[in-house]
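Worksheet: one structure, shown below.
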Amino acid sequence: MTAPGAERGLWDRLPFVARLLITAMLALVFGGSLMIYTSAQRDATDARDDLRLTMTTALQTLPAAMTETLVIGDFSVLEQTLTRYVTHPDVIRLRYMDHVGANVEASGPEQILLAPVWFKSWMELENFSDHHDIVVGGRKYGRLEIVLNPNAAINRSWQRLTDHLAIVALAILLDFLGIWLILRTGLRPLDALEAGANALARGQLEQRIEPRGSPEMRRVILGFNAMADALQLARDEIMGEKELLQVTLASIGDGVVTTDAKGLVKFLNPEATRLTGWTTEDAQGAPLVKIMRLINEISRQEITNPVGMVLLDGKTRGLANHTILVARDGQEFPIADSAAPIRPGGDTKVLGVVMVFRDQTKERQQWNALLDANQRAEEASRAKSDFLATMSHEIRTPMNVVLGMSEMLLETELTSQQQHFVQTMHNSGKALLGVINDVLDFSRIEAGRLTLDTAPFSPRRVIEECARLMRVAAREKGLELGENILDDIPEGVLGDEGRVRQVLLNLLGNAIKFTHLGRVDLHLSLLAEKNDTLLFAVQDSGIGISSEQQTLIFEEFTQADVGITRRYGGTGLGLAISRRLVEMMGGHLWVESQMGGGSTFFFSLPVKIIHAPLPKREEEEALLATTPLKILLADDQEVNRRIFEGFLKHAPHQLVTVNNGLEALERFQQELFDVVVMDVQMPLMDGYTATRRIRQWERENQRPPTRIISLTAHDRNDALNPSREAGCDAVLGKPINRRALLAALAKTGIQGRIKNDAHPLTVLLAEDIRENQVLIEAYLAQPPHRLVIVNDGQEALEQVMAGHFDVIIMDVQMPRMDGYTAIRRIRQWEMEKGLERMPIITLSAHAISGEEARCREAGGDIYLSKPIGKKTLLAAIRQVTCKPDQIPFPGISFDNR
Amino acid sequence: MSRTNPGHEPSLSSLLWGLTILGFLLLPCRVAHAASHELSFGVLSQRSAVLTAEYWNPILEHVSRQVGIPLNLQTARTAPETNQAIERGAYDLVYSNTIFQPRMLKEGYQVILKPRSNAIRGQLVALEESDIRAAKDLANQTVGFPSRGAFVGYAVPMDHLLRATIPVQPVFGGNQEGIMGQLKARKVVAAGVNDEVMRLFAQRENLRYRVLWESEPFENLPIAAHPRVKPDLVAAIRQAFATMPEDPEGMKILETAAQVIKQSPPLGFRPSRQADYQNYIGFYQTTLVQDYE
């Protein structure tokens, strides 16, 4: 585009009319020339064709006309004929010559060439001649020669050419005049339009033009007037909107500042003026960063105003937290701010930036108050958790002593009455522990601190184990406990096995408690409409629950009635906890019952079915993890020996097999074995005989008795006496059960270790509570171990640094230095000294989740939760005093909850 | 002469007239000049000159090659013109039967060849469907004839009518085809015709006709030689014509020529004498017809 005033070309200076005329003239000249040229070309071609046609016609017709004359020999007629024909305008000469030389010729004057010579040359036409021999009946009479002249044809073409030229020239002239006249008159209203447009440009929006001229021009003028109307209306509206916008911006509670594309301030609303201290008049044209100085509330560092980045990339930006606006007078306001690009369209160029910011003085104050409140709430929550932990600790600690002491007391010689008293006391203690556990569980649920584990487990196995656990209690009341597991139950699901077991045991316990006659059944099926939801049911033939009571029993601290509480005991928390647990697991717990007609408690449990093989059970792993034993198996049946080998495939034991009692005796006398498994019926020497011979050999050789387990295919009860008489320690009935076998071997391991590792261990006990010190001292008195007791972690650390211990029993809650710190210091000291890790058993009265992980994190090997039984403690000691490479599964928890 | 250049017209016109006069003056000289090198062969004008030339030129070309002297075809536009030339003795050889007319006899043309075809007869014929049953029924009727030059087509039947005193109104068709066409179109009630020509016409046009009267036979047109032609040359010419049918090449030429005028076999000529045409001479001496040509 040429700038105004710049030098322009000739074409640019030409008015529209001249351009149109030139264009039209050029088009006509070009088109006319082309037409004339092509027409002349065609004329030249036609002229040549006409001459050829004339020649052809003459050669066809003239000889025929001459033949008769020639045959007769009438040359005068022949000459007349030729003379007549030569009058044709294109023919200038005809000549007949016969064979004897007679010559008759006729010539006409050549046509005067009217066209210019160059035109003739361009047409490429010259005189054109041809001849024809006249033959009749095979006799050649003579030859006719014809000469044609093209001048007539050229004249005709030239005449057409000049005619065409004249027509084209006339057309150009008329076209020129027509266009000039039409445009001259038709464009005259443009002057008025130009004047009107100039008036509009000067702001005279009331300017209008009277429509005149051609219809098109009238439409243009009408369009101009409509445009002027629209402009006038738009200006009025814009003025109105501008006023509205100014009022709106003034009314906004937020500060609003706009800039141009260079970041220079254009406008501030009153709130922005209040906060920055700048008015629009003062700030207009100043850089925004100058009037809006931002700093960080905490660091007091300057914050870069985002306006620059917004102008750069056109993206909306907000300010970081803790932004302070420093006003013109130095006053500070906490603000929240955003800067957005101003652009009329989505992707158009950024015209400027609008910054909107809010004085957050009040919000910050409210926020700080909220933060304080939240902090206080968290502290209260922590206090509650600490209280729970403390309660757990403070209650379990004496309970540990009570249960432990009563258990120890039961091992002493007591009168039957004393034994009854102590047993009652022990049972009451366990009941109290159950109550405490319930209360703690409920507290954890209420506090939202109870978390669920998700791990693979077999629902079928949970049912079986719960049934096995509760079967003893059921039998004691003369009840039958049945289990009914449908075949379509998946083998493995994901869920919290412990909590499922807890709910089931609670329901089973209630069922047994409230049933005096009949049976209790445990059902497991799939919910009818969903194959990924398990449905557990505990059905009893007990006293039943009325419909009114059915709504109450799931309430906390509620039983059916007070009488029941008095009669059956219980906290009334069990069902409430169960319901809450089931609901936490996504299920639903309900009861269907009739008074006197028994009750059925159902709970559904949505699970995720897994198809991978389930990991081995902890218990089974524990059995497999027993001390490696060397086992002698005597059985004459090959298949039995293979089964035995299969059972022990994953156990760390060494198996030696023989075929009969005699071989067993001989092998026993040659090698040392931890246990002998002896089939009682074998050829050559039966199992009883072999056992007796082994016992005799042991006595004779002063060897400690080796554990011998007899295998019998008879009724196990029938085999008990003869086995005991022969010297066997245990009896297993055939077919052998793997679990029973592993359990029998595990027992051998414990006993064997204690017996065989008769040397006393040096044990460090760190425990601040005197009663617990006494209890553990009593646990470790038989077999006797050397026990060093300290009262806190600091003393324990000093003792460890002073001498070696086979095992450390460390309470984690102690004064001066707690157990966690002491363990960490011990581990650090061991590492610095390059010493072997001493086994550490941690004791905790905090029955809260996460405690075990905390103990392990500190460096403990085994975590035990108080109260602690003797067997549990001894098993733990045995576990940690095994060589590390003999511990198949280090870190197994012996939680005795 | 030019329309576009009238200024040149007088001189061109004078030139043309001069050339024309010169041409006429030179013509006899040219004929005479030719006579010393070639023989003129006049043919009675019965057809158009072009047809005549197309028929005779190949035959004369053959005979010329045989004889060694060119035979140049000469004809005129009309039979009277031909007769005038015969009467003047303009032709060395002539193919015409008018040489027997008394006024022609003085030139002494002698017959040397006659056609191999049968002799021809003059006939008076009417359409079979016509009421005309006999020649006498033609009295006062319009009877068509080819021309006054037609010997068997006019002179012979007209002589009969005159002798039988049957007055008729004669009209002329110009040639044989013309008058036969008028008969077919019932423009004339009867016609004098050459019997052979009539037969071929009726056969071609599927026309049934009745012969009212028929003349004695007359030999067809002979070839005669002027006494000035040397006898040995005449003999050679007679020989050449007469042997054409036996010569394959000659026969082929005769057949090709015959197709031009639709002539039927037998083709060619055989030697003949003046005596074979004595009835012509007798007819002319006694005929009552005065206006034959």
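Chain identifiers are assigned as A, B, and so on, following the order in which chains appear in the structure tokens; residues are numbered from 1 within each chain, and ligands are numbered from 1 in order of appearance.
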Could you give me, as a tab-separated table, every chain B residue with an atom at most 6 Å from chain A, plus its closest atom pair and distance in Å to one decimal, counting only C-alpha atoms, rows ordered by chain then number?
```
residue	atom	partner	partner_atom	distance
B:Thr20	CA	A:Ser76	CA	5.9
B:Ala49	CA	A:Glu68	CA	5.4
B:Val50	CA	A:Glu68	CA	5.2
B:Ala53	CA	A:Gly137	CA	5.9
B:Glu54	CA	A:Gly137	CA	3.8
B:Asn57	CA	A:Gly137	CA	5.2
B:Pro58	CA	A:Gly137	CA	5.7
B:Thr75	CA	A:Ile72	CA	5.5
B:Ala76	CA	A:Ile72	CA	5.6
```
Would you save the residues of that selection, restricted to N, CA and C atoms, as a CSV table (one decimal), in the first residue's frame?
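Final output, result30.csv:
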```
chain,number,residue,atom,x,y,z
B,20,THR,N,-10.0,-15.7,-84.9
B,20,THR,CA,-11.1,-16.6,-85.4
B,20,THR,C,-11.0,-16.7,-86.9
B,49,ALA,N,-21.2,-36.3,-80.8
B,49,ALA,CA,-19.8,-36.5,-81.3
B,49,ALA,C,-19.0,-37.2,-80.3
B,50,VAL,N,-19.2,-36.9,-79.0
B,50,VAL,CA,-18.4,-37.5,-77.9
B,50,VAL,C,-18.6,-39.0,-77.9
B,53,ALA,N,-16.9,-40.5,-80.9
B,53,ALA,CA,-15.5,-40.6,-80.7
B,53,ALA,C,-15.1,-41.7,-79.8
B,54,GLU,N,-15.9,-41.8,-78.7
B,54,GLU,CA,-15.5,-42.9,-77.7
B,54,GLU,C,-15.7,-44.2,-78.3
B,57,ASN,N,-12.8,-44.1,-81.9
B,57,ASN,CA,-11.4,-43.8,-81.7
B,57,ASN,C,-10.6,-45.1,-81.3
B,58,PRO,N,-11.0,-45.9,-80.4
B,58,PRO,CA,-10.2,-47.1,-80.1
B,58,PRO,C,-10.1,-48.0,-81.3
B,75,THR,N,-16.3,-36.2,-87.9
B,75,THR,CA,-17.7,-36.3,-87.8
B,75,THR,C,-18.3,-34.9,-87.8
B,76,ALA,N,-19.6,-34.8,-87.8
B,76,ALA,CA,-20.2,-33.4,-87.7
B,76,ALA,C,-21.3,-33.5,-86.7
```
Using DSSP assignments from the backbone, pull out every residue in range 220-385 of chain A that falls under strand (DSSP E or B) and give it to me as an MDAnalysis selection string.
chainID A and resid 255:260 264:268 287 293:296 302:303 317:318 323:326 332:342 352:359
So that I can see what lies close to Gly282 in chain B, please list as a list in words the residues with an atom at most 12 Å from it, counting only C-alpha atoms and leaving out residues fewer than 2 positions away in the same chain.
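So, after excluding close chain neighbours, the residues are Phe100, Gln101, Pro102, Val156, Phe218, Ala275, Asp276, Tyr277, Gln278, Asn279, Tyr280, Tyr284, Gln285, Thr286 and Thr287 of chain B.
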Atoms to include: N, CA and C atoms. Write the selected residues as a PDB file, in the first residue's frame.
```pdb
ATOM      1  N   PHE B 100     -25.311 -44.007-100.900  1.00  0.00           N
ATOM      2  CA  PHE B 100     -26.062 -44.574-102.024  1.00  0.00           C
ATOM      3  C   PHE B 100     -27.117 -43.607-102.551  1.00  0.00           C
ATOM      4  N   GLN B 101     -27.220 -42.471-101.898  1.00  0.00           N
ATOM      5  CA  GLN B 101     -28.161 -41.463-102.404  1.00  0.00           C
ATOM      6  C   GLN B 101     -27.609 -40.958-103.743  1.00  0.00           C
ATOM      7  N   PRO B 102     -28.515 -40.681-104.611  1.00  0.00           N
ATOM      8  CA  PRO B 102     -28.090 -40.303-105.970  1.00  0.00           C
ATOM      9  C   PRO B 102     -27.083 -39.163-105.994  1.00  0.00           C
ATOM     10  N   VAL B 156     -37.667 -45.555 -95.552  1.00  0.00           N
ATOM     11  CA  VAL B 156     -38.271 -46.807 -96.003  1.00  0.00           C
ATOM     12  C   VAL B 156     -39.747 -46.887 -95.589  1.00  0.00           C
ATOM     13  N   PHE B 218     -32.242 -54.673 -95.166  1.00  0.00           N
ATOM     14  CA  PHE B 218     -31.166 -53.827 -95.709  1.00  0.00           C
ATOM     15  C   PHE B 218     -29.917 -54.067 -94.854  1.00  0.00           C
ATOM     16  N   ALA B 275     -22.141 -54.392-104.335  1.00  0.00           N
ATOM     17  CA  ALA B 275     -23.335 -55.109-104.762  1.00  0.00           C
ATOM     18  C   ALA B 275     -24.209 -55.510-103.589  1.00  0.00           C
ATOM     19  N   ASP B 276     -23.559 -55.677-102.434  1.00  0.00           N
ATOM     20  CA  ASP B 276     -24.336 -56.088-101.253  1.00  0.00           C
ATOM     21  C   ASP B 276     -25.331 -55.002-100.837  1.00  0.00           C
ATOM     22  N   TYR B 277     -25.199 -53.806-101.370  1.00  0.00           N
ATOM     23  CA  TYR B 277     -26.056 -52.677-100.991  1.00  0.00           C
ATOM     24  C   TYR B 277     -26.861 -52.148-102.175  1.00  0.00           C
ATOM     25  N   GLN B 278     -27.043 -53.084-103.144  1.00  0.00           N
ATOM     26  CA  GLN B 278     -27.739 -52.647-104.357  1.00  0.00           C
ATOM     27  C   GLN B 278     -29.175 -52.216-104.047  1.00  0.00           C
ATOM     28  N   ASN B 279     -29.851 -52.830-103.063  1.00  0.00           N
ATOM     29  CA  ASN B 279     -31.234 -52.456-102.758  1.00  0.00           C
ATOM     30  C   ASN B 279     -31.317 -51.028-102.221  1.00  0.00           C
ATOM     31  N   TYR B 280     -30.259 -50.528-101.623  1.00  0.00           N
ATOM     32  CA  TYR B 280     -30.236 -49.119-101.207  1.00  0.00           C
ATOM     33  C   TYR B 280     -30.341 -48.207-102.432  1.00  0.00           C
ATOM     34  N   TYR B 284     -33.378 -45.663-103.434  1.00  0.00           N
ATOM     35  CA  TYR B 284     -33.253 -44.216-103.625  1.00  0.00           C
ATOM     36  C   TYR B 284     -33.714 -43.774-105.021  1.00  0.00           C
ATOM     37  N   GLN B 285     -33.512 -44.654-105.949  1.00  0.00           N
ATOM     38  CA  GLN B 285     -33.886 -44.259-107.331  1.00  0.00           C
ATOM     39  C   GLN B 285     -35.414 -44.237-107.498  1.00  0.00           C
ATOM     40  N   THR B 286     -36.132 -45.066-106.731  1.00  0.00           N
ATOM     41  CA  THR B 286     -37.575 -45.172-106.945  1.00  0.00           C
ATOM     42  C   THR B 286     -38.421 -44.583-105.820  1.00  0.00           C
ATOM     43  N   THR B 287     -37.875 -44.156-104.759  1.00  0.00           N
ATOM     44  CA  THR B 287     -38.665 -43.750-103.599  1.00  0.00           C
ATOM     45  C   THR B 287     -39.526 -42.550-103.885  1.00  0.00           C
TER      46      THR B 287
END
```
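Near His160 in chain B, within 12 Å and counting only C-alpha atoms, sit Gly122, Gln123, Leu124, Ala135, Lys136, Val152, Gly153, Tyr154, Ala155, Val156, Ala164, Thr165, Ile166, Pro167, Val168, Gly192, Leu212, Trp213, Glu214, Ser215, Glu216, Phe283, Thr286, Thr287, Leu288 and Val289 of chain B, not including residues fewer than 4 positions from it in the same chain.
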Residues near Val43 in chain B, anyone? I mean within 8 Å using only C-alpha atoms, not counting same-chain ones fewer than 4 positions away, as a list of chain:residue names.
B:Thr52, B:Leu73, B:Gln74, B:Thr75, B:Thr82, B:Val94, B:Tyr95, B:Ser96
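The two atoms in question, CA of Glu255 in chain B and CA of Val63 in chain B, are spaced 15.0 Å apart.
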To one decimal place, how far is CA of Leu187 in chain A from CA of Gly9 in chain A in Å?
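Distance between the two atoms: 23.4 Å.
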From the options B:His37, B:Arg88, B:Arg204, B:His62, which residue's atoms come nearest to Lys252 in chain B, counting only C-alpha atoms?
B:His62
Can you list, as a ChimeraX atom specification, all residues belonging to range 126-174 of chain A that DSSP tags as helix (DSSP H, G or I)?
/A:151-174
Give me the residues within 7 Å of range 689-699 of chain A as an NGL selection string, counting only C-alpha atoms and dropping any in the same chain fewer than 4 places off.
:A and (661-662 or 665 or 685 or 703-705 or 726-728)
State, in Å with one decimal place, the distance from CA of Trp180 in chain A to CA of Asp163 in chain A.
25.5 Å
Neighbour list for Phe241 in chain B as a PyMOL selection string, cut-off 8 Å, only C-alpha atoms, skip fewer than 6 positions in-chain:
chain B and resi 63+113+268-270
Can you write out the residues you just picked, keeping N, CA, C and O atoms, as a PDB file, in the first residue's frame?
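As written to disk, result_35.pdb reads:
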```pdb
ATOM      1  N   VAL B  63      -6.893 -50.106 -85.943  1.00  0.00           N
ATOM      2  CA  VAL B  63      -6.713 -50.274 -87.401  1.00  0.00           C
ATOM      3  C   VAL B  63      -5.498 -49.492 -87.877  1.00  0.00           C
ATOM      4  O   VAL B  63      -4.713 -49.968 -88.705  1.00  0.00           O
ATOM      5  N   LEU B 113     -16.498 -52.899 -96.518  1.00  0.00           N
ATOM      6  CA  LEU B 113     -16.797 -53.690 -95.314  1.00  0.00           C
ATOM      7  C   LEU B 113     -18.264 -53.499 -94.932  1.00  0.00           C
ATOM      8  O   LEU B 113     -18.826 -52.438 -95.180  1.00  0.00           O
ATOM      9  N   GLY B 268     -18.028 -56.062 -85.038  1.00  0.00           N
ATOM     10  CA  GLY B 268     -17.007 -55.969 -86.056  1.00  0.00           C
ATOM     11  C   GLY B 268     -17.574 -55.986 -87.496  1.00  0.00           C
ATOM     12  O   GLY B 268     -18.798 -55.918 -87.690  1.00  0.00           O
ATOM     13  N   PHE B 269     -16.651 -56.045 -88.433  1.00  0.00           N
ATOM     14  CA  PHE B 269     -17.025 -55.960 -89.864  1.00  0.00           C
ATOM     15  C   PHE B 269     -16.458 -57.152 -90.604  1.00  0.00           C
ATOM     16  O   PHE B 269     -15.520 -57.803 -90.130  1.00  0.00           O
ATOM     17  N   ARG B 270     -17.072 -57.373 -91.639  1.00  0.00           N
ATOM     18  CA  ARG B 270     -16.549 -58.390 -92.571  1.00  0.00           C
ATOM     19  C   ARG B 270     -16.426 -57.743 -93.964  1.00  0.00           C
ATOM     20  O   ARG B 270     -17.133 -56.760 -94.252  1.00  0.00           O
TER      21      ARG B 270
END
```
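Candidate residues A:His164, A:Gly509, A:Leu170, A:Trp367 were compared for distance to Leu34 in chain A, and the nearest is A:His164, using only C-alpha atoms.
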